[in-house]
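K.L.:
Got a structure for you, query_3.tsv, holding TSV, C-alpha atoms.
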```tsv
chain	number	residue	atom	x	y	z
A	17	MET	CA	2.69	-16.69	-54.27
A	18	ALA	CA	3.41	-15.38	-57.75
A	19	ASP	CA	6.18	-12.82	-58.33
A	20	LEU	CA	4.66	-9.48	-57.24
A	21	LEU	CA	6.85	-7.38	-59.54
A	22	ALA	CA	5.95	-9.54	-62.52
A	23	LEU	CA	2.28	-8.74	-61.86
A	24	LEU	CA	2.68	-5.04	-61.12
A	25	GLN	CA	5.15	-4.39	-63.95
A	26	PRO	CA	4.90	-7.22	-66.51
A	27	ARG	CA	7.71	-7.33	-69.04
A	28	VAL	CA	7.26	-7.48	-72.80
A	29	HIS	CA	10.01	-9.74	-74.09
A	30	ASP	CA	8.98	-9.59	-77.74
A	31	ARG	CA	6.17	-7.48	-79.19
A	32	ASP	CA	5.52	-9.85	-82.09
A	33	SER	CA	5.17	-12.76	-79.66
A	34	LEU	CA	2.85	-10.69	-77.47
A	35	GLN	CA	0.63	-9.93	-80.46
A	36	GLU	CA	0.62	-13.61	-81.38
A	37	PHE	CA	-0.55	-14.45	-77.86
A	38	ILE	CA	-3.28	-11.79	-78.00
A	39	GLU	CA	-4.60	-13.27	-81.25
A	40	ASP	CA	-4.50	-16.81	-79.84
A	41	LEU	CA	-6.35	-15.63	-76.73
A	42	GLU	CA	-9.04	-14.01	-78.91
A	43	ASP	CA	-9.47	-17.33	-80.72
A	44	GLN	CA	-9.80	-19.35	-77.51
A	45	THR	CA	-12.02	-17.07	-75.41
A	46	PRO	CA	-15.33	-17.45	-77.30
A	47	GLY	CA	-15.31	-21.23	-76.88
A	48	ILE	CA	-14.38	-20.90	-73.20
A	49	GLU	CA	-17.29	-18.54	-72.55
A	50	ARG	CA	-19.70	-20.87	-74.34
A	51	ASP	CA	-18.50	-23.85	-72.30
A	52	ILE	CA	-18.79	-21.92	-69.04
A	53	ALA	CA	-22.34	-20.89	-69.96
A	54	ALA	CA	-23.16	-24.54	-70.61
A	55	LEU	CA	-21.55	-25.62	-67.33
A	56	ARG	CA	-23.70	-23.13	-65.43
A	57	ARG	CA	-26.67	-25.15	-66.70
A	58	ASP	CA	-25.08	-28.56	-66.08
A	59	PRO	CA	-22.11	-28.32	-63.68
A	60	THR	CA	-21.66	-32.11	-63.65
A	61	ASP	CA	-20.85	-32.45	-67.36
A	62	ARG	CA	-17.37	-34.01	-67.20
A	63	ALA	CA	-16.81	-33.69	-70.93
A	64	LEU	CA	-17.37	-29.93	-70.77
A	65	ILE	CA	-15.08	-29.62	-67.76
A	66	ALA	CA	-12.37	-31.57	-69.60
A	67	ARG	CA	-12.73	-29.36	-72.68
A	68	LEU	CA	-12.55	-26.21	-70.55
A	69	PHE	CA	-9.44	-27.56	-68.81
A	70	ARG	CA	-7.78	-28.19	-72.19
A	71	ALA	CA	-8.60	-24.67	-73.39
A	72	ILE	CA	-7.08	-23.04	-70.29
A	73	HIS	CA	-4.08	-25.38	-70.58
A	74	THR	CA	-3.64	-24.27	-74.19
A	75	ILE	CA	-3.70	-20.59	-73.21
A	76	LYS	CA	-1.17	-21.30	-70.47
A	77	GLY	CA	1.06	-23.11	-72.96
A	78	ASP	CA	0.77	-20.30	-75.50
A	79	ALA	CA	1.69	-17.82	-72.76
A	80	ALA	CA	4.77	-19.82	-71.84
A	81	ILE	CA	5.90	-20.11	-75.47
A	82	THR	CA	5.42	-16.40	-76.14
A	83	LYS	CA	6.93	-15.44	-72.75
A	84	VAL	CA	3.79	-13.70	-71.50
A	85	GLU	CA	4.42	-14.62	-67.87
A	86	VAL	CA	1.25	-13.00	-66.59
A	87	GLY	CA	-0.76	-15.40	-68.76
A	88	VAL	CA	0.94	-18.37	-67.10
A	89	MET	CA	0.39	-16.94	-63.61
A	90	ILE	CA	-3.33	-16.36	-64.21
A	91	CYS	CA	-4.02	-19.65	-65.99
A	92	HIS	CA	-2.09	-21.99	-63.69
A	93	PRO	CA	-4.44	-21.75	-60.66
A	94	ILE	CA	-7.50	-21.87	-62.95
A	95	GLU	CA	-6.10	-25.08	-64.43
A	96	SER	CA	-5.69	-26.47	-60.89
A	97	LEU	CA	-9.29	-25.59	-60.01
A	98	LEU	CA	-10.62	-27.26	-63.15
A	99	ALA	CA	-8.52	-30.36	-62.43
A	100	ARG	CA	-10.24	-30.58	-59.04
A	101	CYS	CA	-13.63	-30.26	-60.78
A	102	ARG	CA	-12.65	-32.95	-63.27
A	103	ASP	CA	-11.59	-35.27	-60.45
A	104	GLY	CA	-14.86	-34.72	-58.57
A	105	GLU	CA	-13.17	-33.03	-55.60
A	106	ILE	CA	-15.14	-29.78	-56.05
A	107	VAL	CA	-18.29	-28.84	-57.99
A	108	PHE	CA	-18.31	-26.24	-60.74
A	109	SER	CA	-20.37	-23.28	-59.48
A	110	ASN	CA	-21.60	-19.86	-60.52
A	111	LEU	CA	-19.00	-18.20	-58.28
A	112	LEU	CA	-16.23	-20.28	-59.81
A	113	ALA	CA	-17.52	-19.36	-63.27
A	114	GLU	CA	-17.51	-15.64	-62.35
A	115	ALA	CA	-13.96	-15.86	-61.03
A	116	ILE	CA	-12.68	-17.60	-64.18
A	117	LEU	CA	-14.42	-15.18	-66.51
A	118	LEU	CA	-13.14	-12.21	-64.52
A	119	ALA	CA	-9.61	-13.63	-64.73
A	120	LEU	CA	-9.87	-13.96	-68.50
A	121	ASP	CA	-11.17	-10.39	-68.75
A	122	ARG	CA	-8.19	-9.17	-66.74
A	123	LEU	CA	-5.81	-11.17	-68.93
A	124	GLU	CA	-7.30	-9.57	-72.05
A	125	LEU	CA	-7.07	-6.06	-70.53
A	126	THR	CA	-3.50	-6.71	-69.38
A	127	THR	CA	-2.24	-7.85	-72.76
A	128	GLU	CA	-4.00	-4.95	-74.49
A	129	ALA	CA	-2.34	-2.54	-72.06
A	130	LEU	CA	1.07	-4.11	-72.58
A	131	ALA	CA	0.68	-3.94	-76.36
A	132	SER	CA	-0.05	-0.19	-76.17
A	133	GLY	CA	2.52	0.61	-73.48
A	134	ARG	CA	-0.01	1.47	-70.74
A	135	PRO	CA	0.43	0.62	-67.02
A	136	VAL	CA	-1.48	-2.26	-65.46
A	137	GLU	CA	-1.35	-1.45	-61.72
A	138	HIS	CA	-5.06	-0.53	-61.65
A	139	LEU	CA	-6.04	-4.02	-62.86
A	140	LYS	CA	-5.38	-5.52	-59.40
A	141	LEU	CA	-3.39	-8.45	-60.79
A	142	PRO	CA	-1.73	-9.40	-57.47
A	143	GLU	CA	-5.16	-9.59	-55.82
A	144	LEU	CA	-6.48	-11.66	-58.72
A	145	VAL	CA	-3.63	-14.16	-58.89
A	146	GLY	CA	-3.32	-14.39	-55.12
A	147	GLY	CA	-7.04	-15.03	-54.84
A	148	LEU	CA	-6.99	-17.69	-57.56
A	149	GLU	CA	-4.05	-19.43	-55.93
A	150	GLY	CA	-5.88	-19.44	-52.60
A	151	MET	CA	-8.97	-20.87	-54.27
A	152	ALA	CA	-6.93	-23.60	-55.95
A	153	LYS	CA	-5.68	-24.82	-52.57
A	154	ALA	CA	-8.82	-24.20	-50.49
A	155	PRO	CA	-10.93	-26.99	-49.01
A	156	ALA	CA	-14.16	-27.50	-50.91
A	157	GLU	CA	-16.26	-25.97	-48.11
A	158	GLU	CA	-14.21	-22.73	-48.23
A	159	LEU	CA	-14.11	-22.31	-52.00
A	160	ALA	CA	-17.27	-20.21	-52.39
A	161	ALA	CA	-16.19	-17.72	-49.73
A	162	ARG	CA	-12.71	-17.43	-51.22
A	163	ALA	CA	-14.13	-16.93	-54.71
A	164	ALA	CA	-16.42	-14.18	-53.43
A	165	ARG	CA	-13.52	-12.44	-51.65
A	166	THR	CA	-11.35	-12.66	-54.76
A	167	ILE	CA	-14.03	-11.13	-56.97
A	168	GLU	CA	-14.66	-8.32	-54.47
A	169	ALA	CA	-10.92	-7.64	-54.03
A	170	VAL	CA	-10.46	-7.22	-57.78
A	171	THR	CA	-13.67	-5.38	-58.66
A	172	GLY	CA	-14.69	-3.66	-55.43
A	173	PHE	CA	-18.11	-5.34	-55.56
A	174	LYS	CA	-19.61	-8.42	-54.00
A	175	PRO	CA	-20.42	-11.02	-56.69
A	176	LEU	CA	-23.87	-11.46	-58.16
A	177	VAL	CA	-25.41	-14.86	-58.67
A	178	THR	CA	-28.74	-13.55	-60.00
A	179	ASP	CA	-29.59	-12.65	-63.58
A	180	SER	CA	-27.91	-9.35	-64.47
A	181	GLU	CA	-30.70	-8.33	-66.81
A	182	THR	CA	-33.15	-8.38	-63.90
A	183	ALA	CA	-30.88	-6.04	-61.98
A	184	LEU	CA	-30.71	-3.76	-64.96
A	185	ALA	CA	-34.46	-3.48	-65.51
A	186	ALA	CA	-35.39	0.14	-66.12
A	187	VAL	CA	-38.41	2.34	-65.61
A	188	PRO	CA	-38.65	5.55	-67.67
A	189	GLN	CA	-38.60	8.74	-65.64
A	190	ALA	CA	-41.47	11.24	-65.72
A	191	THR	CA	-40.85	14.40	-67.76
A	192	PRO	CA	-42.31	17.91	-67.75
A	193	THR	CA	-45.52	18.07	-69.78
A	194	ASP	CA	-44.39	21.03	-71.91
A	195	ARG	CA	-41.51	18.96	-73.32
A	196	ALA	CA	-43.32	15.65	-73.38
A	197	GLY	CA	-44.05	15.76	-77.11
A	198	ASP	CA	-40.41	16.32	-78.05
A	199	LEU	CA	-39.28	13.56	-75.70
A	200	ARG	CA	-41.79	11.13	-77.19
A	201	PHE	CA	-40.38	11.93	-80.61
A	202	PHE	CA	-36.78	11.45	-79.43
A	203	HIS	CA	-37.76	8.18	-77.75
A	204	ALA	CA	-39.39	6.96	-80.97
A	205	LEU	CA	-36.14	7.62	-82.86
A	206	ALA	CA	-34.18	5.67	-80.23
A	207	LEU	CA	-36.56	2.73	-80.60
A	208	GLN	CA	-36.00	2.81	-84.37
A	209	LEU	CA	-32.30	2.36	-83.66
A	210	GLU	CA	-33.02	-0.52	-81.27
A	211	ALA	CA	-35.08	-2.26	-83.93
A	212	ARG	CA	-32.03	-2.59	-86.19
A	213	SER	CA	-30.54	-5.39	-84.07
A	214	PRO	CA	-31.95	-7.88	-81.51
A	215	LEU	CA	-28.85	-7.16	-79.40
A	216	PHE	CA	-30.13	-3.62	-78.81
A	217	LYS	CA	-33.47	-4.60	-77.31
A	218	GLY	CA	-34.08	-2.55	-74.17
A	219	ARG	CA	-30.78	-0.64	-74.37
A	220	THR	CA	-32.41	2.80	-74.36
A	221	GLU	CA	-34.24	2.21	-71.11
A	222	ARG	CA	-31.20	0.60	-69.48
A	223	ILE	CA	-28.97	3.54	-70.40
A	224	LEU	CA	-31.66	6.02	-69.36
A	225	LYS	CA	-32.02	4.57	-65.89
A	226	LEU	CA	-28.27	4.40	-65.32
A	227	ALA	CA	-27.78	7.97	-66.52
A	228	LEU	CA	-30.60	9.44	-64.43
A	229	ASP	CA	-29.64	7.45	-61.33
A	230	THR	CA	-25.98	8.45	-61.67
A	231	ASN	CA	-27.00	12.10	-61.98
A	232	ALA	CA	-29.24	11.73	-58.92
A	233	ALA	CA	-26.42	10.10	-56.93
A	234	ALA	CA	-24.33	13.22	-57.56
A	235	GLY	CA	-27.12	15.59	-56.50
A	236	HIS	CA	-28.74	16.33	-59.90
A	237	PRO	CA	-26.10	18.73	-61.28
A	238	VAL	CA	-27.40	18.02	-64.80
A	239	ASP	CA	-30.94	18.90	-65.93
A	240	PRO	CA	-32.66	15.46	-65.93
A	241	VAL	CA	-34.92	16.36	-68.86
A	242	GLN	CA	-31.98	17.45	-71.01
A	243	LEU	CA	-30.10	14.31	-69.98
A	244	GLU	CA	-33.07	12.14	-70.94
A	245	ALA	CA	-33.19	13.75	-74.37
A	246	ALA	CA	-29.46	13.17	-74.78
A	247	VAL	CA	-29.84	9.48	-73.89
A	248	TYR	CA	-32.52	9.05	-76.53
A	249	MET	CA	-30.61	10.91	-79.23
A	250	HIS	CA	-26.93	10.15	-78.60
A	251	ASP	CA	-26.68	7.26	-81.08
A	252	VAL	CA	-29.42	8.23	-83.54
A	253	GLY	CA	-26.71	9.52	-85.89
A	254	MET	CA	-25.57	5.91	-86.30
A	255	MET	CA	-28.52	5.37	-88.61
A	256	PHE	CA	-26.92	7.72	-91.15
A	257	ALA	CA	-24.05	5.23	-91.56
A	258	PRO	CA	-24.41	1.91	-93.41
A	259	GLU	CA	-25.67	-0.89	-91.18
A	260	SER	CA	-22.73	-2.99	-92.34
A	261	VAL	CA	-20.51	-0.53	-90.44
A	262	TRP	CA	-22.26	0.14	-87.14
A	263	LEU	CA	-23.55	-3.42	-86.67
A	264	LYS	CA	-20.16	-4.90	-87.52
A	265	VAL	CA	-18.88	-7.53	-85.04
A	266	GLY	CA	-15.26	-7.74	-86.22
A	267	LYS	CA	-12.50	-5.16	-86.42
A	268	LEU	CA	-13.32	-1.80	-87.97
A	269	SER	CA	-11.38	-0.34	-90.88
A	270	ASP	CA	-10.17	3.28	-90.87
A	271	GLU	CA	-13.07	4.20	-93.14
A	272	ASP	CA	-15.52	2.46	-90.82
A	273	ARG	CA	-14.20	4.51	-87.91
A	274	ARG	CA	-14.40	7.73	-89.89
A	275	GLN	CA	-18.06	7.13	-90.62
A	276	LEU	CA	-18.86	6.19	-87.03
A	277	HIS	CA	-17.05	9.26	-85.69
A	278	GLU	CA	-19.55	11.45	-87.53
A	279	HIS	CA	-22.57	10.22	-85.58
A	280	PRO	CA	-22.36	12.57	-82.54
A	281	GLY	CA	-22.39	15.63	-84.80
A	282	GLN	CA	-25.31	14.38	-86.83
A	283	ALA	CA	-27.52	13.70	-83.81
A	284	ALA	CA	-26.48	16.94	-82.10
A	285	GLY	CA	-27.26	18.80	-85.30
A	286	LEU	CA	-30.86	17.61	-85.11
A	287	LEU	CA	-31.23	18.67	-81.48
A	288	VAL	CA	-29.65	22.09	-81.80
A	289	ARG	CA	-32.18	23.03	-84.47
A	290	MET	CA	-35.05	22.44	-82.05
A	291	PRO	CA	-35.76	25.24	-79.53
A	292	GLY	CA	-34.87	24.46	-75.94
A	293	TRP	CA	-32.57	21.47	-76.49
A	294	GLN	CA	-29.14	23.15	-76.70
A	295	PRO	CA	-27.82	21.48	-73.48
A	296	ALA	CA	-28.87	18.05	-74.74
A	297	ALA	CA	-27.21	18.77	-78.09
A	298	GLU	CA	-23.95	19.59	-76.29
A	299	MET	CA	-24.10	16.32	-74.32
A	300	VAL	CA	-24.67	14.31	-77.49
A	301	LEU	CA	-21.89	16.07	-79.39
A	302	GLN	CA	-19.34	15.44	-76.63
A	303	HIS	CA	-20.25	11.97	-75.35
A	304	HIS	CA	-17.24	10.35	-77.07
A	305	GLU	CA	-14.74	12.93	-75.83
A	306	MET	CA	-12.20	11.76	-73.22
A	307	PRO	CA	-10.61	13.59	-70.29
A	308	ASP	CA	-7.10	13.18	-71.74
A	309	GLY	CA	-8.13	14.65	-75.12
A	310	GLY	CA	-8.06	11.30	-76.91
A	311	GLY	CA	-11.74	11.25	-77.85
A	312	TYR	CA	-13.73	12.61	-80.76
A	313	PRO	CA	-14.97	14.62	-82.63
A	314	ALA	CA	-13.07	17.65	-81.23
A	315	GLY	CA	-10.45	16.11	-78.94
A	316	LEU	CA	-11.75	18.09	-75.95
A	317	LYS	CA	-10.08	17.68	-72.56
A	318	ALA	CA	-11.71	17.20	-69.16
A	319	GLU	CA	-12.53	20.79	-68.27
A	320	ALA	CA	-14.12	21.45	-71.67
A	321	ILE	CA	-16.48	18.45	-71.61
A	322	CYS	CA	-19.93	19.12	-70.17
A	323	PRO	CA	-21.05	17.02	-67.17
A	324	GLY	CA	-23.95	15.40	-69.02
A	325	ALA	CA	-21.59	14.11	-71.71
A	326	LYS	CA	-19.35	12.63	-69.02
A	327	ILE	CA	-22.30	10.71	-67.56
A	328	LEU	CA	-23.39	9.54	-70.98
A	329	ALA	CA	-19.88	8.34	-71.84
A	330	ILE	CA	-19.77	6.06	-68.80
A	331	VAL	CA	-23.26	4.57	-69.07
A	332	ASP	CA	-22.99	4.12	-72.84
A	333	ALA	CA	-19.68	2.30	-72.42
A	334	PHE	CA	-21.15	0.14	-69.65
A	335	GLU	CA	-23.96	-0.95	-71.98
A	336	ALA	CA	-21.45	-1.63	-74.76
A	337	VAL	CA	-19.30	-3.79	-72.47
A	338	THR	CA	-22.27	-5.94	-71.47
A	339	LEU	CA	-22.92	-6.63	-75.16
A	340	LYS	CA	-19.30	-6.72	-76.31
A	341	HIS	CA	-19.01	-10.48	-76.40
A	342	SER	CA	-22.66	-11.46	-76.71
A	343	HIS	CA	-21.82	-13.12	-80.04
A	344	ARG	CA	-19.75	-15.56	-77.97
A	345	GLY	CA	-22.92	-16.97	-76.47
A	346	GLU	CA	-23.03	-15.14	-73.11
A	347	ASN	CA	-23.69	-11.54	-72.11
A	348	ARG	CA	-21.30	-9.90	-69.71
A	349	SER	CA	-22.42	-10.06	-66.10
A	350	LEU	CA	-22.97	-6.88	-64.15
A	351	ILE	CA	-19.86	-7.46	-62.05
A	352	ARG	CA	-17.60	-8.10	-65.05
A	353	ALA	CA	-18.93	-5.07	-66.87
A	354	ILE	CA	-18.41	-2.68	-63.96
A	355	ALA	CA	-14.94	-4.13	-63.39
A	356	GLU	CA	-13.97	-3.38	-66.99
A	357	ILE	CA	-15.35	0.17	-66.80
A	358	ASN	CA	-13.38	0.87	-63.63
A	359	ALA	CA	-10.25	-0.54	-65.25
A	360	CYS	CA	-10.45	2.01	-68.10
A	361	ASP	CA	-9.18	4.77	-65.82
A	362	ASN	CA	-8.19	7.25	-68.57
A	363	GLN	CA	-11.36	7.02	-70.61
A	364	PHE	CA	-13.89	8.50	-68.20
A	365	ALA	CA	-14.22	11.53	-65.92
A	366	ALA	CA	-12.98	10.50	-62.47
A	367	GLU	CA	-15.55	12.65	-60.66
A	368	TRP	CA	-18.40	10.62	-62.16
A	369	ILE	CA	-17.01	7.13	-61.53
A	370	GLY	CA	-17.90	7.39	-57.83
A	371	PRO	CA	-21.60	8.23	-58.37
A	372	PHE	CA	-21.85	5.60	-61.10
A	373	ASN	CA	-20.30	2.95	-58.83
A	374	ALA	CA	-22.77	3.93	-56.10
A	375	VAL	CA	-25.66	3.24	-58.48
A	376	ILE	CA	-24.24	-0.13	-59.48
A	377	ARG	CA	-23.55	-0.99	-55.84
A	378	LYS	CA	-27.25	-0.45	-55.03
A	379	MET	CA	-28.17	-2.75	-57.90
A	380	VAL	CA	-25.80	-5.39	-56.57
A	381	GLU	CA	-27.15	-5.11	-53.04
A	382	ALA	CA	-30.73	-5.25	-54.31
A	383	GLY	CA	-29.88	-8.46	-56.15
```
Have the structure of the file written as structure tokens, please.
P.N.:
Amino acid sequence: MADLLALLQPRVHDRDSLQEFIEDLEDQTPGIERDIAALRRDPTDRALIARLFRAIHTIKGDAAITKVEVGVMICHPIESLLARCRDGEIVFSNLLAEAILLALDRLELTTEALASGRPVEHLKLPELVGGLEGMAKAPAEELAARAARTIEAVTGFKPLVTDSETALAAVPQATPTDRAGDLRFFHALALQLEARSPLFKGRTERILKLALDTNAAAGHPVDPVQLEAAVYMHDVGMMFAPESVWLKVGKLSDEDRRQLHEHPGQAAGLLVRMPGWQPAAEMVLQHHEMPDGGGYPAGLKAEAICPGAKILAIVDAFEAVTLKHSHRGENRSLIRAIAEINACDNQFAAEWIGPFNAVIRKMVEAG
């Protein structure tokens, strides 16, 4: 078993070397995700398996050179599993793919945390590495069960093998007739935003369902009609910024961020000028605030952020995570997305994570 202390409290031997490893990992991961997506379609492709093995071996070697021990500990059992696939001892499967992708996600989150001086205990690294090591040594007939247990131990959810987009299908909620006209207008604006990129197709309805279901799971403390309006309008302000900024795939400049940070105020400004939508305007204005005061535009802390904004922050981030690496050739699965949201423990209101997880759990159980 890997060194427990090295997983709970990883050491940073040299910050420049750590940054070099992070950049190398960013270069390798897109190709790995593409190869895994291809192997899901043809798990017997030996050339793909060999290429995937070499990529993981390269990451492991980079980790050893840069003294990022956690990278070695995560990659070594994955390398062993892929060697067994290459030798025909085991068959590459969806569960194995999920476990590998989850491990890479955790490696990315770990190195990002180390680079910024944040703790990593919540990332469940001992459970991850222990599970991977058990999988690497397991008989072929036990591998699927061990993979499922590893994924559940790290994420808190049983793995999905069905299409995540099916699980995320949304149905718009009914609204009071006296506000129906305004809501139709807000919805039309949201669809204009969606039309700016094929990646956004269906995002409004996905976010709406998650937000309303999360609110319902907590007993409807937020007015559902106001929350629906906030979902439709929360990102409309993006359209006031150049498309080259808010559709950008790479790293944002300081000026890019400044322009993007204006969008909550612009959308809220539209809502507050319409009678009856003040609560929705407040949700929109605050949906990028964070409990520790690190958000924007006002740097509000937990007690000052309205409940609707807290819901919107979680569901909006969940949608963003599922699309975060879509340019790599594969959307994030439901399990990987919820795992990343739960790992960002300082970004979201703790009292809303439970209801949100309950909603996702029902999706998982429904398949």
K.L.:
Taking into account all atoms listed in the file, which residue in the set A:Arg273, A:Lys217, A:Lys174, A:Lys317 is nearest to Ile376 (chain A)?
P.N.:
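Counting all atoms listed in the file, the residue closest to Ile376 (chain A) is A:Lys174.
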K.L.:
If you count all atoms listed in the file, which residues fall within 12 Å of Glu278 (chain A), apart from same-chain ones fewer than 2 positions away, as a ChimeraX atom specification?
P.N.:
/A:250-257,262,271-276,280-285,300-302,304,312-314
K.L.:
Considering only C-alpha atoms, tabulate each residue of region 234-254 of chain A that lies at most 12 Å from region 365-373 of chain A along with its nearest interatomic pair and the corresponding distance in Å to one decimal; arrange the rows by chain and ascending residue number and present them as JSON lines.
P.N.:
```
{"residue": "A:Ala234", "atom": "CA", "partner": "A:Pro371", "partner_atom": "CA", "distance": 5.7}
{"residue": "A:Gly235", "atom": "CA", "partner": "A:Pro371", "partner_atom": "CA", "distance": 9.4}
{"residue": "A:His236", "atom": "CA", "partner": "A:Pro371", "partner_atom": "CA", "distance": 10.9}
{"residue": "A:Pro237", "atom": "CA", "partner": "A:Trp368", "partner_atom": "CA", "distance": 11.2}
{"residue": "A:Val238", "atom": "CA", "partner": "A:Trp368", "partner_atom": "CA", "distance": 11.9}
```
K.L.:
Nearest to Leu243 (chain A): which of A:Pro59, A:Pro323, A:Pro258, A:Gly218 is it, counting only C-alpha atoms?
P.N.:
A:Pro323
K.L.:
One decimal, Å: what's the distance from CA of Ala99 (chain A) over to CA of Leu139 (chain A), could you say?
P.N.:
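These two atoms are separated by 26.5 Å.
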K.L.:
So which residues touch Ala318 (chain A) within 9 Å, counting all atoms listed in the file, skipping near sequence neighbours fewer than 2 positions away, as a PyMOL selection string?
P.N.:
chain A and resi 305-309+316+320-322+326+365
K.L.:
Given the selection you just returned, output its residues as a file containing C-alpha atoms, formatted as a PDB file, in the coordinates of the input.
P.N.:
```
ATOM      1  CA  GLU A 305     -14.740  12.930 -75.830  1.00  0.00           C
ATOM      2  CA  MET A 306     -12.200  11.760 -73.220  1.00  0.00           C
ATOM      3  CA  PRO A 307     -10.610  13.590 -70.290  1.00  0.00           C
ATOM      4  CA  ASP A 308      -7.100  13.180 -71.740  1.00  0.00           C
ATOM      5  CA  GLY A 309      -8.130  14.650 -75.120  1.00  0.00           C
ATOM      6  CA  LEU A 316     -11.750  18.090 -75.950  1.00  0.00           C
ATOM      7  CA  ALA A 320     -14.120  21.450 -71.670  1.00  0.00           C
ATOM      8  CA  ILE A 321     -16.480  18.450 -71.610  1.00  0.00           C
ATOM      9  CA  CYS A 322     -19.930  19.120 -70.170  1.00  0.00           C
ATOM     10  CA  LYS A 326     -19.350  12.630 -69.020  1.00  0.00           C
ATOM     11  CA  ALA A 365     -14.220  11.530 -65.920  1.00  0.00           C
TER      12      ALA A 365
END
```
K.L.:
Pick from A:Gly311, A:Ala227, A:Val380, A:Leu34: nearest to Phe334 (chain A), with all atoms listed in the file counted?
P.N.:
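Of A:Gly311, A:Ala227, A:Val380, A:Leu34, the one nearest Phe334 (chain A) is A:Ala227, counting all atoms listed in the file.
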K.L.:
Could you tell me which of A:Arg195, A:Ala79, A:Leu64, A:Ile351 comes closest to Glu36 (chain A) if we count only C-alpha atoms?
P.N.:
A:Ala79
K.L.:
Have a look at CA of Tyr248 (chain A) and CA of Leu328 (chain A) and let me know their distance in Å, one decimal.
P.N.:
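Computing it gives 10.7 Å between the two atoms.
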K.L.:
Which residue gives the smallest distance to Thr230 (chain A) among A:Cys360, A:Val288, A:Val136, A:Val375, with all atoms listed in the file counted?
P.N.:
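Closest residue, counting all atoms listed in the file: A:Val375.
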